[in-house]
Amino acid sequence: MAEPQGSSQNPDGVWNKHKFMLDIGNHDNKALQADWREHGEEAFAFEILERIRPEEDFVAEVSEPAKYRKLLPELESKWLERLLPYGERGYLKQK
């Protein structure tokens with residue numbers, strides 16, 4: 001199962017990937033790339049909207065993170081409905 005577009009168990013890694021692509025001028029989202037080039041990095045913010053808290057303080061098995069990964073699509077949908085980051089409000093295209 002592919003990970004949702006805007007959710008990850010490694011948000012810092014996702015941000016670093018997007019920032020790298022924007023910095024070299026090769027991001028897939030051409031509108032975002034154009035605004036990044038025009039306004040610069042300081043005009044943008046990277047925010048983590050919600051974190052999933054582990055049920056236990058210590059994860060004993062390697063397979064444990066998989067159960068949290070299953071929650072990501074639902075949380076992403078919730079935030080997309082709440083923020084509506086399409087058109088004038090963001091860089092996503094509605095499906």
# chains A, B, ... in the order shown; residues from 1 in each chain; ligands from 1
>>> residues_around(residues="Asp28 in chain A", least_positions_apart="6", cutoff="12 Å", atoms="only C-alpha atoms", output="JSON, numbers by chain")
{"A": [17, 18, 19, 20, 21, 22, 34, 91, 92]}
>>> write_last_selection(atoms="N, CA, C and O atoms", output="PDB file, in the first residue's frame")
ATOM      1  N   LYS A  17      12.857  16.037   1.383  1.00  0.00           N
ATOM      2  CA  LYS A  17      12.727  15.664  -0.032  1.00  0.00           C
ATOM      3  C   LYS A  17      12.090  16.801  -0.833  1.00  0.00           C
ATOM      4  O   LYS A  17      12.595  17.192  -1.883  1.00  0.00           O
ATOM      5  N   HIS A  18      10.966  17.339  -0.323  1.00  0.00           N
ATOM      6  CA  HIS A  18      10.290  18.423  -1.048  1.00  0.00           C
ATOM      7  C   HIS A  18      11.174  19.662  -1.131  1.00  0.00           C
ATOM      8  O   HIS A  18      11.276  20.287  -2.182  1.00  0.00           O
ATOM      9  N   LYS A  19      11.815  20.010  -0.043  1.00  0.00           N
ATOM     10  CA  LYS A  19      12.682  21.193  -0.026  1.00  0.00           C
ATOM     11  C   LYS A  19      13.843  21.030  -1.011  1.00  0.00           C
ATOM     12  O   LYS A  19      14.168  21.949  -1.749  1.00  0.00           O
ATOM     13  N   PHE A  20      14.437  19.847  -1.039  1.00  0.00           N
ATOM     14  CA  PHE A  20      15.515  19.590  -1.977  1.00  0.00           C
ATOM     15  C   PHE A  20      15.050  19.778  -3.416  1.00  0.00           C
ATOM     16  O   PHE A  20      15.709  20.459  -4.213  1.00  0.00           O
ATOM     17  N   MET A  21      13.896  19.188  -3.750  1.00  0.00           N
ATOM     18  CA  MET A  21      13.384  19.306  -5.111  1.00  0.00           C
ATOM     19  C   MET A  21      13.058  20.759  -5.457  1.00  0.00           C
ATOM     20  O   MET A  21      13.314  21.213  -6.578  1.00  0.00           O
ATOM     21  N   LEU A  22      12.505  21.492  -4.504  1.00  0.00           N
ATOM     22  CA  LEU A  22      12.213  22.912  -4.731  1.00  0.00           C
ATOM     23  C   LEU A  22      13.504  23.708  -4.910  1.00  0.00           C
ATOM     24  O   LEU A  22      13.607  24.563  -5.792  1.00  0.00           O
ATOM     25  N   ALA A  34       7.019  27.446  -8.955  1.00  0.00           N
ATOM     26  CA  ALA A  34       7.077  28.833  -9.427  1.00  0.00           C
ATOM     27  C   ALA A  34       6.997  29.815  -8.259  1.00  0.00           C
ATOM     28  O   ALA A  34       7.749  30.794  -8.215  1.00  0.00           O
ATOM     29  N   TYR A  91      -1.989  24.186  -3.106  1.00  0.00           N
ATOM     30  CA  TYR A  91      -1.350  23.703  -4.322  1.00  0.00           C
ATOM     31  C   TYR A  91      -1.842  22.325  -4.780  1.00  0.00           C
ATOM     32  O   TYR A  91      -1.378  21.812  -5.771  1.00  0.00           O
ATOM     33  N   LEU A  92      -2.772  21.740  -4.045  1.00  0.00           N
ATOM     34  CA  LEU A  92      -3.273  20.425  -4.430  1.00  0.00           C
ATOM     35  C   LEU A  92      -4.378  20.549  -5.464  1.00  0.00           C
ATOM     36  O   LEU A  92      -5.100  21.532  -5.508  1.00  0.00           O
TER      37      LEU A  92
END
>>> select_by_dssp(residues="range 11-54 of chain A", states="helix (DSSP H, G or I)", output="list of chain:residue names")
A:Pro11, A:Asp12, A:Gly13, A:Val14, A:Trp15, A:Asn16, A:Lys17, A:His18, A:Lys19, A:Phe20, A:Met21, A:Leu22, A:Asp23, A:Lys30, A:Ala31, A:Leu32, A:Gln33, A:Ala34, A:Asp35, A:Trp36, A:Arg37, A:Glu38, A:His39, A:Glu41, A:Glu42, A:Ala43
>>> residues_around(residues="Ala31 in chain A", least_positions_apart="6", cutoff="12 Å", atoms="only C-alpha atoms", output="PyMOL selection string")
chain A and resi 22+25+37-38+86-88+90-93
>>> write_last_selection(atoms="all heavy atoms", output="JSON list (two decimals), in the first residue's frame")
[["chain", "number", "residue", "atom", "x", "y", "z"],
["A", 22, "LEU", "N", 12.51, 21.49, -4.50],
["A", 22, "LEU", "CA", 12.21, 22.91, -4.73],
["A", 22, "LEU", "C", 13.50, 23.71, -4.91],
["A", 22, "LEU", "O", 13.61, 24.56, -5.79],
["A", 22, "LEU", "CB", 11.38, 23.48, -3.58],
["A", 22, "LEU", "CG", 9.94, 22.99, -3.52],
["A", 22, "LEU", "CD1", 9.35, 23.24, -2.13],
["A", 22, "LEU", "CD2", 9.10, 23.65, -4.60],
["A", 25, "GLY", "N", 14.93, 23.26, -8.23],
["A", 25, "GLY", "CA", 14.03, 23.67, -9.30],
["A", 25, "GLY", "C", 13.38, 22.53, -10.05],
["A", 25, "GLY", "O", 13.05, 22.66, -11.23],
["A", 37, "ARG", "N", 10.23, 29.79, -6.27],
["A", 37, "ARG", "CA", 11.27, 30.54, -7.00],
["A", 37, "ARG", "C", 11.03, 32.04, -6.85],
["A", 37, "ARG", "O", 11.97, 32.81, -6.63],
["A", 37, "ARG", "CB", 11.27, 30.14, -8.47],
["A", 37, "ARG", "CG", 12.44, 30.68, -9.26],
["A", 37, "ARG", "CD", 12.46, 30.19, -10.69],
["A", 37, "ARG", "NE", 12.55, 28.72, -10.75],
["A", 37, "ARG", "CZ", 11.65, 27.93, -11.35],
["A", 37, "ARG", "NH1", 10.61, 28.44, -11.95],
["A", 37, "ARG", "NH2", 11.79, 26.62, -11.37],
["A", 38, "GLU", "N", 9.78, 32.47, -6.95],
["A", 38, "GLU", "CA", 9.46, 33.90, -6.90],
["A", 38, "GLU", "C", 9.57, 34.48, -5.49],
["A", 38, "GLU", "O", 10.10, 35.56, -5.31],
["A", 38, "GLU", "CB", 8.04, 34.13, -7.43],
["A", 38, "GLU", "CG", 7.64, 35.60, -7.44],
["A", 38, "GLU", "CD", 6.26, 35.82, -7.99],
["A", 38, "GLU", "OE1", 5.70, 34.92, -8.65],
["A", 38, "GLU", "OE2", 5.73, 36.92, -7.77],
["A", 86, "TYR", "N", -6.97, 23.59, -2.05],
["A", 86, "TYR", "CA", -7.09, 23.49, -3.51],
["A", 86, "TYR", "C", -7.26, 24.89, -4.10],
["A", 86, "TYR", "O", -7.74, 25.80, -3.43],
["A", 86, "TYR", "CB", -8.30, 22.63, -3.88],
["A", 86, "TYR", "CG", -8.37, 21.33, -3.14],
["A", 86, "TYR", "CD1", -9.27, 21.15, -2.10],
["A", 86, "TYR", "CD2", -7.53, 20.27, -3.47],
["A", 86, "TYR", "CE1", -9.33, 19.95, -1.40],
["A", 86, "TYR", "CE2", -7.59, 19.07, -2.78],
["A", 86, "TYR", "CZ", -8.49, 18.92, -1.74],
["A", 86, "TYR", "OH", -8.53, 17.74, -1.05],
["A", 87, "GLY", "N", -6.90, 25.02, -5.36],
["A", 87, "GLY", "CA", -7.11, 26.29, -6.06],
["A", 87, "GLY", "C", -6.41, 27.45, -5.36],
["A", 87, "GLY", "O", -5.21, 27.40, -5.11],
["A", 88, "GLU", "N", -7.16, 28.48, -5.01],
["A", 88, "GLU", "CA", -6.61, 29.67, -4.36],
["A", 88, "GLU", "C", -6.12, 29.39, -2.94],
["A", 88, "GLU", "O", -5.36, 30.17, -2.39],
["A", 88, "GLU", "CB", -7.67, 30.78, -4.31],
["A", 88, "GLU", "CG", -8.11, 31.30, -5.66],
["A", 88, "GLU", "CD", -7.03, 32.12, -6.33],
["A", 88, "GLU", "OE1", -6.36, 32.90, -5.63],
["A", 88, "GLU", "OE2", -6.86, 31.98, -7.55],
["A", 90, "GLY", "N", -4.44, 26.60, -1.91],
["A", 90, "GLY", "CA", -3.31, 25.69, -1.80],
["A", 90, "GLY", "C", -2.83, 25.20, -3.14],
["A", 90, "GLY", "O", -3.22, 25.71, -4.18],
["A", 91, "TYR", "N", -1.99, 24.19, -3.11],
["A", 91, "TYR", "CA", -1.35, 23.70, -4.32],
["A", 91, "TYR", "C", -1.84, 22.33, -4.78],
["A", 91, "TYR", "O", -1.38, 21.81, -5.77],
["A", 91, "TYR", "CB", 0.18, 23.64, -4.11],
["A", 91, "TYR", "CG", 0.77, 25.00, -3.91],
["A", 91, "TYR", "CD1", 0.99, 25.51, -2.63],
["A", 91, "TYR", "CD2", 1.07, 25.81, -5.00],
["A", 91, "TYR", "CE1", 1.52, 26.78, -2.46],
["A", 91, "TYR", "CE2", 1.59, 27.08, -4.83],
["A", 91, "TYR", "CZ", 1.82, 27.55, -3.56],
["A", 91, "TYR", "OH", 2.34, 28.79, -3.39],
["A", 92, "LEU", "N", -2.77, 21.74, -4.04],
["A", 92, "LEU", "CA", -3.27, 20.42, -4.43],
["A", 92, "LEU", "C", -4.38, 20.55, -5.46],
["A", 92, "LEU", "O", -5.10, 21.53, -5.51],
["A", 92, "LEU", "CB", -3.80, 19.68, -3.20],
["A", 92, "LEU", "CG", -2.77, 19.34, -2.13],
["A", 92, "LEU", "CD1", -3.43, 18.59, -0.99],
["A", 92, "LEU", "CD2", -1.62, 18.56, -2.70],
["A", 93, "LYS", "N", -4.51, 19.50, -6.26],
["A", 93, "LYS", "CA", -5.59, 19.42, -7.24],
["A", 93, "LYS", "C", -6.62, 18.43, -6.70],
["A", 93, "LYS", "O", -6.25, 17.36, -6.23],
["A", 93, "LYS", "CB", -5.07, 18.96, -8.59],
["A", 93, "LYS", "CG", -4.17, 19.99, -9.21],
["A", 93, "LYS", "CD", -3.69, 19.57, -10.56],
["A", 93, "LYS", "CE", -2.81, 20.67, -11.09],
["A", 93, "LYS", "NZ", -2.07, 20.32, -12.25]]
>>> residues_around(residues="Glu50 in chain A", least_positions_apart="5", cutoff="10 Å", atoms="only C-alpha atoms", output="list of chain:residue names")
A:Ser7, A:Leu75, A:Glu76, A:Trp79
>>> write_last_selection(atoms="N, CA and C atoms", output="short mmCIF file (atom, residue, chain, number, x, y, z; two decimals), in the first residue's frame")
data_model
loop_
_atom_site.label_atom_id
_atom_site.label_comp_id
_atom_site.auth_asym_id
_atom_site.auth_seq_id
_atom_site.Cartn_x
_atom_site.Cartn_y
_atom_site.Cartn_z
N SER A 7 1.04 12.54 4.30
CA SER A 7 1.23 11.96 5.61
C SER A 7 2.41 11.01 5.56
N LEU A 75 -6.53 10.11 8.57
CA LEU A 75 -6.14 11.41 9.11
C LEU A 75 -5.89 12.43 7.99
N GLU A 76 -5.26 11.98 6.92
CA GLU A 76 -5.00 12.88 5.80
C GLU A 76 -6.32 13.37 5.20
N TRP A 79 -7.87 16.09 7.35
CA TRP A 79 -7.24 17.41 7.22
C TRP A 79 -7.50 18.04 5.86
#
>>> residues_around(residues="Pro11 in chain A", least_positions_apart="2", cutoff="12 Å", atoms="only C-alpha atoms", output="list in words")
Glu3, Pro4, Gln5, Gly6, Ser7, Ser8, Gln9, Gly13, Val14, Trp15, Asn16, Lys17, His18, Phe46, Glu47, Ile48, Leu49, Glu50, Arg51 and Leu72 of chain A
>>> write_last_selection(atoms="C-alpha atoms", output="PDB file, in the first residue's frame")
ATOM      1  CA  GLU A   3       1.725   6.042   1.669  1.00  0.00           C
ATOM      2  CA  PRO A   4      -0.691   8.952   1.358  1.00  0.00           C
ATOM      3  CA  GLN A   5       0.612  12.127  -0.275  1.00  0.00           C
ATOM      4  CA  GLY A   6       0.731  14.393   2.762  1.00  0.00           C
ATOM      5  CA  SER A   7       1.227  11.960   5.609  1.00  0.00           C
ATOM      6  CA  SER A   8       4.242  10.031   6.734  1.00  0.00           C
ATOM      7  CA  GLN A   9       5.866   8.243   9.602  1.00  0.00           C
ATOM      8  CA  GLY A  13      12.302  13.119   5.600  1.00  0.00           C
ATOM      9  CA  VAL A  14       9.291  14.141   3.485  1.00  0.00           C
ATOM     10  CA  TRP A  15      10.003  17.841   4.097  1.00  0.00           C
ATOM     11  CA  ASN A  16      13.685  17.387   3.233  1.00  0.00           C
ATOM     12  CA  LYS A  17      12.727  15.664  -0.032  1.00  0.00           C
ATOM     13  CA  HIS A  18      10.290  18.423  -1.048  1.00  0.00           C
ATOM     14  CA  PHE A  46       6.097  23.389   6.990  1.00  0.00           C
ATOM     15  CA  GLU A  47       3.737  22.306   9.761  1.00  0.00           C
ATOM     16  CA  ILE A  48       2.875  18.958  11.278  1.00  0.00           C
ATOM     17  CA  LEU A  49      -0.881  19.103  11.749  1.00  0.00           C
ATOM     18  CA  GLU A  50      -1.331  16.015  13.873  1.00  0.00           C
ATOM     19  CA  ARG A  51       0.777  13.296  15.427  1.00  0.00           C
ATOM     20  CA  LEU A  72      -2.585   7.839   7.993  1.00  0.00           C
TER      21      LEU A  72
END
>>> atom_distance(atom1="CA of Asn29 in chain A", atom2="CA of Asp12 in chain A")
19.1 Å
